Structures are given as C-alpha cells and as structure tokens.
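Asker: What follows is model_21.cif, mmCIF, C-alpha atoms.
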data_work
#
loop_
_atom_site.label_atom_id
_atom_site.label_comp_id
_atom_site.auth_asym_id
_atom_site.auth_seq_id
_atom_site.Cartn_x
_atom_site.Cartn_y
_atom_site.Cartn_z
CA MET A 462 36.32 139.95 200.71
CA ASN A 463 37.59 142.65 198.40
CA ILE A 464 40.86 141.69 196.74
CA CYS A 465 43.27 144.05 194.98
CA ILE A 466 45.84 142.70 192.54
CA ILE A 467 48.46 145.22 191.46
CA GLY A 468 49.91 144.20 188.10
CA GLY A 469 48.09 142.57 185.21
CA GLY A 470 50.96 140.36 184.11
CA PRO A 471 51.18 136.55 184.18
CA ALA A 472 51.51 136.24 187.98
CA GLY A 473 48.68 138.70 188.65
CA MET A 474 46.29 137.09 186.16
CA MET A 475 47.04 133.57 187.39
CA ALA A 476 46.49 134.66 191.02
CA ALA A 477 43.18 136.30 190.13
CA ILE A 478 41.92 133.20 188.32
CA PHE A 479 42.76 130.77 191.11
CA ALA A 480 41.52 133.11 193.84
CA ALA A 481 38.18 133.36 192.05
CA LYS A 482 38.02 129.61 191.42
CA SER A 483 38.77 128.91 195.09
CA ASN A 484 36.23 131.37 196.53
CA SER A 485 33.28 132.55 194.43
CA LYS A 486 32.40 135.24 196.98
CA LEU A 487 35.49 137.34 196.32
CA ASN A 488 35.39 140.71 194.60
CA ILE A 489 38.65 140.90 192.65
CA ASP A 490 40.08 143.96 190.91
CA ILE A 491 43.26 143.95 188.84
CA PHE A 492 45.05 147.30 188.51
CA GLU A 493 47.22 147.77 185.44
CA SER A 494 49.10 150.94 184.44
CA ASN A 495 48.93 150.02 180.74
CA GLU A 496 45.90 150.29 178.49
CA ARG A 497 45.45 146.50 178.67
CA LEU A 498 46.60 143.48 180.68
CA GLY A 499 49.41 141.14 179.70
CA LYS A 500 51.44 143.43 177.47
CA LYS A 501 54.69 141.71 178.47
CA ILE A 502 53.32 138.26 177.58
CA LEU A 503 53.03 139.37 173.95
CA ALA A 504 56.81 139.93 173.80
CA THR A 505 57.86 136.59 175.31
CA GLY A 506 59.47 133.88 173.19
CA ASN A 507 59.94 136.29 170.26
CA GLY A 508 56.19 136.76 170.15
CA ARG A 509 55.47 133.03 170.37
CA CYS A 510 55.27 132.75 174.20
CA ASN A 511 57.47 129.96 175.52
CA PHE A 512 55.17 129.48 178.52
CA THR A 513 56.98 126.62 180.30
CA ASN A 514 59.57 123.89 179.75
CA ARG A 515 59.16 120.12 179.75
CA ASN A 516 62.30 119.81 181.90
CA MET A 517 61.95 121.48 185.28
CA ASP A 518 64.43 121.58 188.15
CA ILE A 519 65.06 123.95 191.03
CA GLU A 520 68.54 124.53 189.53
CA ASN A 521 66.83 126.38 186.67
CA PHE A 522 65.93 129.11 189.16
CA HIS A 523 68.22 131.67 190.75
CA GLY A 524 68.31 134.17 193.59
CA ARG A 525 70.03 134.61 196.91
CA ASP A 526 67.98 131.60 198.08
CA ASN A 527 66.60 129.72 195.08
CA SER A 528 65.17 127.02 197.40
CA PHE A 529 62.38 129.52 198.14
CA ALA A 530 60.91 128.67 194.71
CA LYS A 531 60.81 124.92 195.36
CA PHE A 532 57.38 124.70 197.04
CA ALA A 533 55.62 126.79 194.38
CA ILE A 534 57.34 125.07 191.44
CA GLU A 535 56.47 121.61 192.80
CA THR A 536 52.92 122.50 193.90
CA PHE A 537 51.95 123.94 190.51
CA ASP A 538 54.51 122.40 188.18
CA ASN A 539 55.12 122.44 184.44
CA LEU A 540 52.62 119.62 183.81
CA ASP A 541 49.99 121.52 185.80
CA VAL A 542 50.68 124.61 183.70
CA ILE A 543 50.35 122.66 180.44
CA GLU A 544 47.08 121.08 181.66
CA PHE A 545 45.75 124.45 182.85
CA PHE A 546 46.26 126.01 179.44
CA GLU A 547 45.00 122.92 177.61
CA ASN A 548 41.76 123.30 179.55
CA LEU A 549 41.54 126.86 178.26
CA GLY A 550 42.07 125.69 174.67
CA ILE A 551 45.86 125.91 174.24
CA TYR A 552 47.29 122.88 172.42
CA PRO A 553 51.00 122.64 173.36
CA TYR A 554 53.84 122.54 170.87
CA ILE A 555 57.18 121.28 172.29
CA ASP A 556 60.37 122.07 170.38
CA ASP A 557 63.66 120.15 170.31
CA ARG A 558 64.90 122.00 173.41
CA ASP A 559 61.78 121.03 175.41
CA ARG A 560 60.42 124.57 175.35
CA VAL A 561 56.62 124.62 175.36
CA TYR A 562 54.64 127.03 173.16
CA PRO A 563 51.01 127.33 172.10
CA ASN A 564 50.58 125.36 168.88
CA SER A 565 49.54 128.59 167.17
CA LEU A 566 53.04 129.96 167.97
CA GLN A 567 51.31 133.21 168.92
CA ALA A 568 51.76 134.79 172.33
CA SER A 569 48.39 136.46 171.82
CA SER A 570 46.76 133.01 172.16
CA ILE A 571 47.98 132.74 175.77
CA LEU A 572 46.85 136.26 176.62
CA ASP A 573 43.47 135.82 174.93
CA VAL A 574 42.53 132.68 176.85
CA LEU A 575 43.64 134.23 180.15
CA ARG A 576 41.52 137.35 179.57
CA PHE A 577 38.53 135.24 178.52
CA GLU A 578 38.87 133.34 181.80
CA LEU A 579 39.14 136.56 183.83
CA LYS A 580 35.95 137.82 182.19
CA ARG A 581 34.15 134.50 182.75
CA LEU A 582 35.01 134.61 186.45
CA GLY A 583 33.82 138.20 186.84
CA ILE A 584 37.25 139.68 187.61
CA LYS A 585 37.39 143.42 187.00
CA GLU A 586 40.23 144.93 184.97
CA ILE A 587 41.11 148.52 185.92
CA THR A 588 43.55 149.72 183.26
CA ASN A 589 45.43 152.99 182.65
CA ASN A 590 45.54 153.38 186.42
CA ARG A 591 48.88 153.35 188.24
CA VAL A 592 48.93 152.52 191.95
CA ARG A 593 50.76 155.30 193.79
CA LYS A 594 50.36 154.24 197.41
CA ILE A 595 49.45 151.19 199.52
CA ILE A 596 48.36 152.22 203.01
CA PRO A 597 47.73 149.46 205.58
CA LYS A 598 44.62 150.33 207.64
CA ASN A 599 42.46 148.30 210.06
CA LYS A 600 43.81 144.93 208.82
CA GLY A 601 43.02 146.05 205.29
CA PHE A 602 44.42 148.60 202.84
CA ILE A 603 43.72 151.91 201.20
CA ILE A 604 44.93 151.89 197.60
CA LYS A 605 45.64 155.28 196.06
CA THR A 606 45.89 155.44 192.29
CA ASP A 607 46.25 158.16 189.68
CA ASN A 608 42.50 158.64 189.69
CA ASN A 609 40.99 157.54 193.01
CA SER A 610 41.24 155.76 196.35
CA PHE A 611 39.91 152.26 197.08
CA LYS A 612 39.57 150.03 200.14
CA TYR A 613 40.53 146.34 200.10
CA ASP A 614 40.85 143.49 202.57
CA LYS A 615 43.87 141.89 200.86
CA VAL A 616 46.44 143.04 198.34
CA LEU A 617 48.70 141.11 195.96
CA LEU A 618 51.69 143.05 194.64
CA ALA A 619 52.66 141.49 191.30
CA GLY A 620 53.85 144.52 189.38
CA GLY A 621 56.90 142.91 187.78
CA GLY A 622 60.56 143.88 187.95
CA ASN A 623 62.51 146.31 185.76
CA ALA A 624 62.77 144.27 182.56
CA MET A 625 60.96 145.67 179.50
CA PRO A 626 59.84 148.92 181.15
CA LYS A 627 57.66 149.73 178.12
CA SER A 628 55.50 146.76 179.14
CA GLY A 629 54.82 148.37 182.52
CA SER A 630 57.61 146.71 184.52
CA ASP A 631 59.29 149.98 185.37
CA GLY A 632 60.25 149.50 189.03
CA ASN A 633 57.12 151.07 190.52
CA ALA A 634 56.31 147.84 192.36
CA TYR A 635 59.73 147.90 194.07
CA ARG A 636 59.00 151.40 195.33
CA LEU A 637 55.66 150.26 196.77
CA ALA A 638 57.34 147.29 198.45
CA ARG A 639 60.08 149.46 199.98
CA GLU A 640 57.50 151.88 201.37
CA LEU A 641 55.90 148.91 203.17
CA GLY A 642 59.25 148.01 204.76
CA HIS A 643 60.47 145.29 202.40
CA LYS A 644 64.13 144.93 201.48
CA VAL A 645 64.78 145.04 197.73
CA PHE A 646 68.05 143.70 196.36
CA GLU A 647 69.37 145.85 193.52
CA PRO A 648 67.67 144.79 190.27
CA LEU A 649 69.99 143.81 187.42
CA PRO A 650 69.00 142.92 183.84
CA THR A 651 69.18 139.23 182.94
CA ILE A 652 68.45 137.14 179.84
CA VAL A 653 69.82 140.03 177.82
CA GLN A 654 72.30 140.69 175.00
CA LEU A 655 75.87 141.53 175.98
CA ASN A 656 78.11 144.38 174.86
CA THR A 657 81.77 143.62 174.13
CA ASP A 658 84.94 145.54 173.33
CA SER A 659 85.46 143.79 169.98
CA PRO A 660 86.61 146.23 167.26
CA TYR A 661 84.99 143.94 164.67
CA SER A 662 81.40 144.16 165.92
CA LYS A 663 80.10 146.50 163.21
CA SER A 664 81.62 144.46 160.38
CA LEU A 665 80.20 141.23 161.84
CA ASP A 666 76.71 142.61 162.54
CA GLY A 667 74.13 139.99 161.53
CA VAL A 668 76.46 136.98 161.27
CA LYS A 669 74.86 133.94 162.89
CA ILE A 670 76.58 130.64 163.68
CA ILE A 671 75.81 127.53 165.72
CA SER A 672 78.75 126.97 167.99
CA ARG A 673 80.35 126.64 171.42
CA LEU A 674 80.57 129.74 173.61
CA ASN A 675 82.54 130.02 176.85
CA LEU A 676 82.35 132.68 179.53
CA THR A 677 85.78 132.93 181.17
CA ASP A 678 87.66 134.96 183.75
CA GLU A 679 90.78 137.01 182.91
CA SER A 680 92.98 133.92 183.35
CA GLY A 681 90.96 131.98 180.78
CA ASN A 682 89.25 129.70 183.31
CA ILE A 683 85.83 128.65 182.03
CA ILE A 684 83.02 129.90 184.27
CA LYS A 685 80.14 128.75 182.12
CA THR A 686 79.75 127.18 178.69
CA GLU A 687 76.86 126.93 176.20
CA PHE A 688 76.32 125.48 172.74
CA GLY A 689 73.80 126.85 170.26
CA ASP A 690 72.93 129.90 168.17
CA ILE A 691 75.30 132.87 168.43
CA LEU A 692 74.48 136.16 166.74
CA PHE A 693 77.17 138.79 166.18
CA THR A 694 75.77 142.32 166.53
CA ARG A 695 76.97 145.91 166.18
CA TYR A 696 77.28 146.13 169.99
CA GLY A 697 78.58 142.63 170.79
CA LEU A 698 76.81 139.28 170.92
CA SER A 699 73.26 137.95 171.13
CA GLY A 700 71.39 134.68 170.72
CA PRO A 701 70.15 132.01 173.17
CA THR A 702 73.68 131.12 174.30
CA ILE A 703 74.40 134.73 175.28
CA LEU A 704 71.06 135.10 177.04
CA ASP A 705 71.85 132.02 179.12
CA LEU A 706 75.27 133.38 180.12
CA SER A 707 74.20 136.97 180.71
CA ARG A 708 73.15 136.62 184.36
CA THR A 709 76.62 135.50 185.44
CA ALA A 710 78.43 138.02 183.22
CA ILE A 711 76.40 140.98 184.52
CA GLU A 712 76.83 139.95 188.16
CA ARG A 713 80.59 139.72 187.64
CA LEU A 714 80.61 143.12 185.93
CA LYS A 715 78.80 144.68 188.90
CA GLU A 716 81.45 143.18 191.21
CA ASN A 717 84.26 144.58 189.00
CA ARG A 718 85.37 141.07 188.01
CA PRO A 719 86.33 140.96 184.31
CA SER A 720 84.60 138.42 182.06
CA TYR A 721 85.40 137.34 178.53
CA LEU A 722 83.44 135.61 175.78
CA GLN A 723 85.24 132.97 173.72
CA VAL A 724 83.45 131.94 170.53
CA ASN A 725 84.50 128.71 168.81
CA LEU A 726 84.21 129.72 165.15
CA VAL A 727 84.26 126.10 163.96
CA GLY A 728 81.30 124.72 165.91
CA ASP A 729 82.16 122.32 168.70
CA LEU A 730 85.56 121.08 167.53
CA ASN A 731 88.35 120.92 170.09
CA ARG A 732 91.64 122.73 169.61
CA GLU A 733 93.48 119.62 168.42
CA GLU A 734 90.87 118.95 165.75
CA ILE A 735 91.08 122.54 164.53
CA GLU A 736 94.88 122.32 164.47
CA ASN A 737 94.71 119.18 162.31
CA ILE A 738 92.35 120.90 159.87
CA ILE A 739 94.62 123.93 159.50
CA TYR A 740 97.77 121.85 158.95
CA GLU A 741 95.93 119.70 156.45
CA ARG A 742 94.84 122.82 154.53
CA LYS A 743 98.36 124.19 154.76
CA GLU A 744 99.53 121.07 152.93
CA LYS A 745 96.70 120.57 150.44
CA LEU A 746 95.86 124.21 149.70
CA PHE A 747 99.44 125.49 149.80
CA TYR A 748 98.85 127.61 146.67
CA LYS A 749 95.97 129.60 148.22
CA SER A 750 96.07 132.76 150.27
CA ILE A 751 95.02 132.32 153.88
CA ARG A 752 91.83 134.26 153.12
CA GLU A 753 90.96 131.82 150.34
CA ALA A 754 92.02 128.76 152.35
CA LEU A 755 89.54 129.48 155.14
CA ILE A 756 86.52 129.57 152.79
CA GLY A 757 84.27 126.61 153.53
CA LEU A 758 85.57 126.22 157.06
CA ILE A 759 83.94 129.24 158.70
CA ASN A 760 81.35 131.84 157.76
CA LYS A 761 82.90 133.95 154.99
CA ARG A 762 82.28 137.22 156.85
CA LEU A 763 84.33 135.96 159.79
CA ILE A 764 87.51 135.49 157.77
CA VAL A 765 88.79 139.07 157.53
CA PRO A 766 88.01 139.95 161.19
CA LEU A 767 89.76 136.73 162.27
CA LEU A 768 92.87 137.57 160.23
CA LYS A 769 92.90 141.12 161.63
CA TYR A 770 92.49 139.62 165.12
CA CYS A 771 95.61 137.51 164.43
CA ASN A 772 97.45 140.30 162.58
CA ILE A 773 97.91 138.08 159.51
CA GLU A 774 98.20 139.57 156.03
CA PHE A 775 95.11 138.53 154.04
CA GLU A 776 96.90 137.59 150.82
CA LYS A 777 99.76 135.68 152.44
CA GLU A 778 99.85 132.08 151.20
CA ILE A 779 98.78 129.59 153.86
CA SER A 780 101.95 127.57 153.22
CA LYS A 781 104.07 130.58 154.22
CA LEU A 782 102.49 131.22 157.63
CA ASN A 783 105.09 131.04 160.39
CA SER A 784 104.61 129.07 163.60
CA GLN A 785 103.44 132.13 165.58
CA GLU A 786 100.83 133.01 162.94
CA LEU A 787 99.59 129.43 162.78
CA LYS A 788 99.24 129.28 166.55
CA CYS A 789 97.31 132.56 166.68
CA LEU A 790 95.07 131.40 163.83
CA ILE A 791 94.25 128.11 165.57
CA ASP A 792 93.72 129.89 168.90
CA GLY A 793 91.45 132.44 167.19
CA LEU A 794 89.36 129.77 165.50
CA PHE A 795 89.01 127.88 168.76
CA ALA A 796 88.39 130.91 171.00
CA PHE A 797 87.61 134.21 169.25
CA LYS A 798 87.83 136.37 172.34
CA SER A 799 86.25 139.65 173.47
CA LYS A 800 85.70 141.33 176.81
CA VAL A 801 82.22 141.90 178.27
CA THR A 802 81.71 145.64 178.78
CA GLY A 803 78.01 145.78 179.58
CA SER A 804 74.58 144.75 178.36
CA GLN A 805 71.66 146.12 176.36
CA GLY A 806 70.00 146.91 179.69
CA PHE A 807 66.48 146.57 181.04
CA GLY A 808 64.97 147.79 177.78
CA GLN A 809 65.99 144.54 176.08
CA ALA A 810 66.16 142.22 179.13
CA GLN A 811 63.62 139.44 179.43
CA SER A 812 63.82 139.22 183.22
CA THR A 813 65.18 140.82 186.38
CA ASN A 814 67.88 139.48 188.69
CA GLY A 815 67.20 140.77 192.20
CA GLY A 816 64.06 142.03 193.92
CA ILE A 817 62.27 141.57 197.23
CA SER A 818 64.13 139.41 199.76
CA THR A 819 62.63 135.94 200.01
CA LYS A 820 63.39 135.96 203.74
CA GLU A 821 60.47 138.36 204.14
CA ILE A 822 57.91 136.16 202.33
CA CYS A 823 56.27 132.86 203.31
CA ASP A 824 56.94 130.36 200.52
CA LYS A 825 53.79 128.32 201.31
CA THR A 826 51.41 131.28 200.88
CA MET A 827 53.38 134.13 199.27
CA GLU A 828 52.22 136.34 202.14
CA SER A 829 54.51 139.05 203.45
CA LYS A 830 56.05 138.32 206.84
CA LEU A 831 56.11 142.06 207.51
CA VAL A 832 52.59 143.18 206.51
CA SER A 833 49.57 141.01 207.21
CA ASN A 834 47.27 140.37 204.21
CA LEU A 835 49.89 141.61 201.75
CA TYR A 836 50.99 139.01 199.19
CA LEU A 837 53.75 139.06 196.56
CA ALA A 838 54.29 137.05 193.37
CA GLY A 839 56.27 136.87 190.15
CA GLU A 840 59.29 138.82 188.99
CA ILE A 841 59.15 141.31 191.86
CA ILE A 842 60.58 138.61 194.17
CA ASP A 843 64.31 137.79 194.23
CA ILE A 844 63.83 134.72 192.01
CA ASP A 845 64.56 134.53 188.30
CA GLY A 846 64.73 131.62 185.90
CA ASP A 847 66.86 130.47 183.00
CA CYS A 848 65.94 131.28 179.43
CA GLY A 849 63.47 128.72 178.10
CA GLY A 850 60.11 129.25 179.82
CA TYR A 851 61.33 129.20 183.41
CA ASN A 852 60.47 132.80 184.25
CA LEU A 853 56.90 132.33 183.10
CA GLN A 854 56.76 129.07 185.07
CA TRP A 855 57.76 131.04 188.17
CA ALA A 856 55.06 133.60 187.44
CA TRP A 857 52.37 130.91 187.02
CA SER A 858 53.50 128.94 190.08
CA SER A 859 53.91 131.86 192.46
CA GLY A 860 50.67 133.39 191.16
CA TYR A 861 48.85 130.11 191.78
CA ILE A 862 50.08 129.92 195.40
CA ALA A 863 49.21 133.57 196.04
CA GLY A 864 45.79 133.19 194.44
CA LYS A 865 44.85 130.17 196.56
CA SER A 866 46.03 132.05 199.66
CA LEU A 867 44.09 135.20 198.80
CA ALA A 868 40.90 133.12 198.74
CA VAL A 869 41.22 131.99 202.36
CA ASN A 870 39.26 133.86 205.02
CA LYS A 871 41.47 134.61 208.01
#
Would you write the structure of this file as structure tokens?
Answerer:
Amino acid sequence: MNICIIGGGPAGMMAAIFAAKSNSKLNIDIFESNERLGKKILATGNGRCNFTNRNMDIENFHGRDNSFAKFAIETFDNLDVIEFFENLGIYPYIDDRDRVYPNSLQASSILDVLRFELKRLGIKEITNNRVRKIIPKNKGFIIKTDNNSFKYDKVLLAGGGNAMPKSGSDGNAYRLARELGHKVFEPLPTIVQLNTDSPYSKSLDGVKIISRLNLTDESGNIIKTEFGDILFTRYGLSGPTILDLSRTAIERLKENRPSYLQVNLVGDLNREEIENIIYERKEKLFYKSIREALIGLINKRLIVPLLKYCNIEFEKEISKLNSQELKCLIDGLFAFKSKVTGSQGFGQAQSTNGGISTKEICDKTMESKLVSNLYLAGEIIDIDGDCGGYNLQWAWSSGYIAGKSLAVNK
C-alpha cells in the first residue's frame, strides 16, 4: 500500500513510524510545507520539549467530547511514550511538576531521534510541498500539491491546528478537512498569554512573582484558580498560571462573558493574614510612608502601581491611612484585579481549542466516518490538552492509533 501522511509534526511522525513498524511492505510519504519536519517540536517547552507528563488523566484533555481521547491515551499512555523515546536514546528528566523532558533539555534531541527513526524505516520526507487538494478516487486518493499530483491508497491528515502558524500550523489542514465534508469547530488559541485592561502593564513589564491567581466572573465568583509563576507584561499577564487559565478565559470572551484576573501580590496568603500584616506594620512602622512600609512585603516595582490602584498618596504615613484606604490596600494586595480583553493570539499560542468534530472520527482507529481510508490525528481534532506535556501526549497517542490502523490491509 502507498500511504500519504500530510503534516510532519509529532502526530504525523509517530503515525509514520508505527505504520512502518506494523507493516514493512508499506510505502510511506510524509508531506510537509516547511523546509524540514518537526519545526513546531523545537518550540515546545521553551525549547526544551516537555514531551509528556508523569500524571495523566482524561480530565487533562478538553473538547466538546473529551472522552474521545480516552482510548488513545490509555492504549499508548505516558509510560509507553517515555519507553518509546528511551528506546530511541532519550533519557527522561522529570521536574517537580511531573513534566517530562529529554535529559539534554533540548527539543532538538526529540526531533533528531524521530528523524533518525524515519530514515531507518525508509519513510520518505517530501518537504517544501504544500498539499492543496485531497481527491477521493477508486477507494484511494489523488493528492495535489504545489508541485505535482500523487496517488495513494490511504491518507492521514495530521497538519496541525492554527497555533504557531510560522511552524506550518496555519489552518490549511482545516480547509482540506472541510472540503472532504468534515465539520470544523471554530479554532481558538489556547495555552497563550492574556491581554488585560490594566493601566499599569507597561510599568510592570518584566515583574515576576510566585503567587495565587484567580479567574473570576464580573461578580467576583472564582471560575478557576492556579498557583505558580506569574509574569507581568506590557500587554497583560503571562506565565504557566496564565497559560493554564487561558482556555477558559478565551472561551468566555468569545461568548461575551466578562472575565477578570485577580493576582494575590503576597503569594498564597488569605485576606485575613494580609490584613494582620498590614495592621501590624501600621503599628510598628508608623513613622514610615506607605511606600516605604510595603518594602519587603511585595516586589518593589509593584508598590507604586498598587498605591495608584488604591488611589493612596505615596508619601502618606501608614499610620495615617483611613479605614477606606486600608481596606482598599488589603483588597489590592489580596486580589490585584484586571479585566481580560484578549490574548496574544495564534502567533504565541501553544495549542488550538476546536477543530474537527470527534463525532465524525472512530476513536479506535482514527479513521474518518465520512471518507473511507482517510485518517486524522493530533491537533487538527477537537481535542486539546492542559499545559504540561498533554498536547504532545495527545499527538503521540493519536498518531500511534492512526499509524497502527494505516498498516492494516482492508
């Protein structure tokens, strides 16, 4: 059989490897619009490639029906992924959040061993060649590219979503899927930095704290909460906590439901604890201005923006703050609030929320229910994972299932 794989990302490469391992008589070609395969892998995990997570649960995956991912995730799980890469030479390093990296802490290590394996198995890489059309014909397909036309018995569409379009995930695969009759839910950026309406963003650009972050509705009800690194930026907020909350915030924004970010500027202290600290300082440091009295409690660059936020005169002695000013100060320390206005978009997003409806795909084979001998895998499907290696796990797992299925003669 002649097999065409469209998309040389993690799902496409994994599918090619397991198809070849399962059936040595296959002729497998991978089409990639970039000059080389796996460009997006090099950008994952800040260039270190967080390729899976030691903790794995179906609740780490999202979509209109996240149960679709269950079979793939359990059939080729995180331990299988670690073993697979160990067999290719990758020694795993596991950090304190159970994220798994190559011990080299280089994403290029993951890509290198995958490409070595593709070469060993005789899989052909056809790069700088964008697929323009998939035409079903006589139980097979005609594939039209920028440069030529090819005939194949089976096709795997694994061209990625919209995230990081410079890596090749520019939405072309969605167009191909739609032309074949598949329903595509509107793609939204996820695992991405958020824009806010804070007037203090420029002055706080670069400030990093480890703290509690809440995503709330307009009434202050907590929708989601995270604890960890928070980075203030010129446009809003970034860091792992923001990336984890971004999916929910962007969905709410699309539905015209306001969302707010509340940053605890004092770590993970509750409001009562913060109140006690402020009243203690009011008593002990009565001779200091409020600006001076906050030094040592929070990052120094946060002090002036916080006082502006509370409309408190910088040089006013802490002992002379009135009850309203004290309340605002304590509230501001506990929940420094800003409204979500948008995100940094697909250009900075690590994954895509949305994609091809899972109702149109068989979860046991990744074959299309609409077009015989057409398979789908990876980010193009309406499944996305949390930050922390889960999106790559989905790519490996769905690619594995698709690859094994491609190898079967029907």
Asker: Have a look at A:Ser829, A:Ser750, A:Thr588, A:Asn675 and name the one nearest to A:Lys777; count all atoms listed in the file.
Answerer: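 For A:Lys777, the nearest of the candidates is A:Ser750.
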Asker: What gap, in Å, lies between atom CA of A:Ser569 and atom CA of A:Ala634?
Answerer: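 Going from atom CA of A:Ser569 over to atom CA of A:Ala634, I get 24.8 Å.
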Asker: Name the residues captured by the PyMOL selection byres ((chain A and resi 827) around 7) when it is applied to the shown file; answer as a compact mmCIF listing (two decimals) with C-alpha atoms, keeping the file's coordinate frame.
Answerer:
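This is the output file result_27.txt:
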# COMPACT_ATOMS: atom_id res chain seq x y z
CA ILE A 822 57.91 136.16 202.33
CA CYS A 823 56.27 132.86 203.31
CA ASP A 824 56.94 130.36 200.52
CA LYS A 825 53.79 128.32 201.31
CA THR A 826 51.41 131.28 200.88
CA GLU A 828 52.22 136.34 202.14
CA SER A 829 54.51 139.05 203.45
CA TYR A 836 50.99 139.01 199.19
CA LEU A 837 53.75 139.06 196.56
CA ALA A 838 54.29 137.05 193.37
CA ILE A 862 50.08 129.92 195.40
CA ALA A 863 49.21 133.57 196.04
Asker: Please evaluate the PyMOL selection byres ((chain A and resi 753-756) around 9) against the displayed coordinates and give the resulting residues as a list in words.
Answerer: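 Applying the PyMOL selection byres ((chain A and resi 753-756) around 9) to the structure shown produces Ile739, Arg742, Lys743, Leu746, Phe747, Tyr748, Lys749, Ser750, Ile751, Arg752, Gly757, Leu758, Ile759, Asn760, Lys761, Ile764, Phe775, Glu776, Glu778 and Ile779 of chain A.
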Asker: Might you pull out every residue within 9 Å of A:Lys486, with all atoms listed in the file counted and same-chain residues fewer than 2 positions away left off, and present them as a PyMOL selection string?
Answerer: chain A and resi 462+481+484+488+868
Asker: A:Phe797, A:Tyr552, A:Phe577, A:Phe479: which is nearest A:Phe537, counting all atoms listed in the file?
Answerer: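 Distance minimum relative to A:Phe537 lands on A:Phe479.
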Asker: Show which residues sit within 12 Å of A:Arg558, as a PyMOL selection string. Count only C-alpha atoms, and ignore same-chain residues fewer than 5 positions away.
Answerer: chain A and resi 511+513-516+688-689+701+848-850
Asker: Find the spatial neighbours of A:Asn852, counting only C-alpha atoms, within a cut-off of 8 Å - ignore same-chain residues fewer than 6 positions away - and output them as a ChimeraX atom specification.
Answerer: /A:812,840,845-846
Asker: Pull C-alpha atoms from the residues just selected and write them as an mmCIF file, in the frame of the given file.
Answerer:
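Written file, again-v2.cif:
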data_model
loop_
_atom_site.group_PDB
_atom_site.id
_atom_site.type_symbol
_atom_site.label_atom_id
_atom_site.label_comp_id
_atom_site.auth_asym_id
_atom_site.auth_seq_id
_atom_site.Cartn_x
_atom_site.Cartn_y
_atom_site.Cartn_z
ATOM 1 C CA SER A 812 63.820 139.220 183.220
ATOM 2 C CA GLU A 840 59.290 138.820 188.990
ATOM 3 C CA ASP A 845 64.560 134.530 188.300
ATOM 4 C CA GLY A 846 64.730 131.620 185.900
#
Asker: Which of these, A:Gly839, A:Gly667, A:Gly803, A:Gly601, has the shortest distance to A:Leu763 once you count all atoms listed in the file?
Answerer: A:Gly667
Asker: Box in all listed atoms of stretch 592-606 of chain A, axis-aligned, with 4 Å more on each side; write out centre and edge lengths in Å to one decimal as AutoDock Vina command-line options.
Answerer:
--center_x 46.6 --center_y 150.2 --center_z 201.0 --size_x 16.3 --size_y 18.5 --size_z 26.1
Asker: Using only C-alpha atoms, which residues sit within 10 Å of A:Gly550 once same-chain residues fewer than 2 positions away are excluded, as a PyMOL selection string?
Answerer: chain A and resi 544-548+552-553+563+570-571+574
Asker: Of the residues A:Glu679, A:Asp614, A:Glu493, A:Glu733, which is the one nearest to A:Gly470, using all atoms listed in the file?
Answerer: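 So, comparing all the options, the nearest one is A:Glu493.
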Asker: How would stretch 723-728 of chain A read, as an mmCIF file, in the coordinates of the input, once all heavy atoms are built in?
Answerer:
data_model
loop_
_atom_site.group_PDB
_atom_site.id
_atom_site.type_symbol
_atom_site.label_atom_id
_atom_site.label_comp_id
_atom_site.auth_asym_id
_atom_site.auth_seq_id
_atom_site.Cartn_x
_atom_site.Cartn_y
_atom_site.Cartn_z
ATOM 1 N N GLN A 723 84.422 133.676 174.705
ATOM 2 C CA GLN A 723 85.240 132.970 173.720
ATOM 3 C C GLN A 723 84.314 132.187 172.794
ATOM 4 O O GLN A 723 83.617 131.271 173.227
ATOM 5 C CB GLN A 723 86.185 131.992 174.420
ATOM 6 C CG GLN A 723 87.252 132.650 175.274
ATOM 7 C CD GLN A 723 88.184 131.633 175.908
ATOM 8 O OE1 GLN A 723 87.899 130.443 175.936
ATOM 9 N NE2 GLN A 723 89.308 132.103 176.436
ATOM 10 N N VAL A 724 84.301 132.598 171.524
ATOM 11 C CA VAL A 724 83.450 131.940 170.530
ATOM 12 C C VAL A 724 84.291 130.956 169.720
ATOM 13 O O VAL A 724 85.313 131.337 169.146
ATOM 14 C CB VAL A 724 82.800 132.961 169.579
ATOM 15 C CG1 VAL A 724 81.906 132.249 168.568
ATOM 16 C CG2 VAL A 724 82.015 134.001 170.368
ATOM 17 N N ASN A 725 83.869 129.696 169.693
ATOM 18 C CA ASN A 725 84.500 128.710 168.810
ATOM 19 C C ASN A 725 83.907 128.934 167.421
ATOM 20 O O ASN A 725 82.722 128.705 167.198
ATOM 21 C CB ASN A 725 84.204 127.294 169.319
ATOM 22 C CG ASN A 725 84.944 126.225 168.541
ATOM 23 O OD1 ASN A 725 85.201 126.386 167.347
ATOM 24 N ND2 ASN A 725 85.284 125.135 169.196
ATOM 25 N N LEU A 726 84.714 129.383 166.487
ATOM 26 C CA LEU A 726 84.210 129.720 165.150
ATOM 27 C C LEU A 726 83.977 128.505 164.276
ATOM 28 O O LEU A 726 83.418 128.622 163.178
ATOM 29 C CB LEU A 726 85.202 130.672 164.450
ATOM 30 C CG LEU A 726 85.500 132.003 165.169
ATOM 31 C CD1 LEU A 726 86.458 132.841 164.339
ATOM 32 C CD2 LEU A 726 84.217 132.766 165.456
ATOM 33 N N VAL A 727 84.373 127.323 164.767
ATOM 34 C CA VAL A 727 84.260 126.100 163.960
ATOM 35 C C VAL A 727 83.280 125.117 164.599
ATOM 36 O O VAL A 727 83.418 123.907 164.453
ATOM 37 C CB VAL A 727 85.651 125.446 163.779
ATOM 38 C CG1 VAL A 727 85.651 124.541 162.544
ATOM 39 C CG2 VAL A 727 86.740 126.479 163.620
ATOM 40 N N GLY A 728 82.311 125.603 165.321
ATOM 41 C CA GLY A 728 81.300 124.720 165.910
ATOM 42 C C GLY A 728 81.704 124.217 167.276
ATOM 43 O O GLY A 728 81.938 124.999 168.189
#
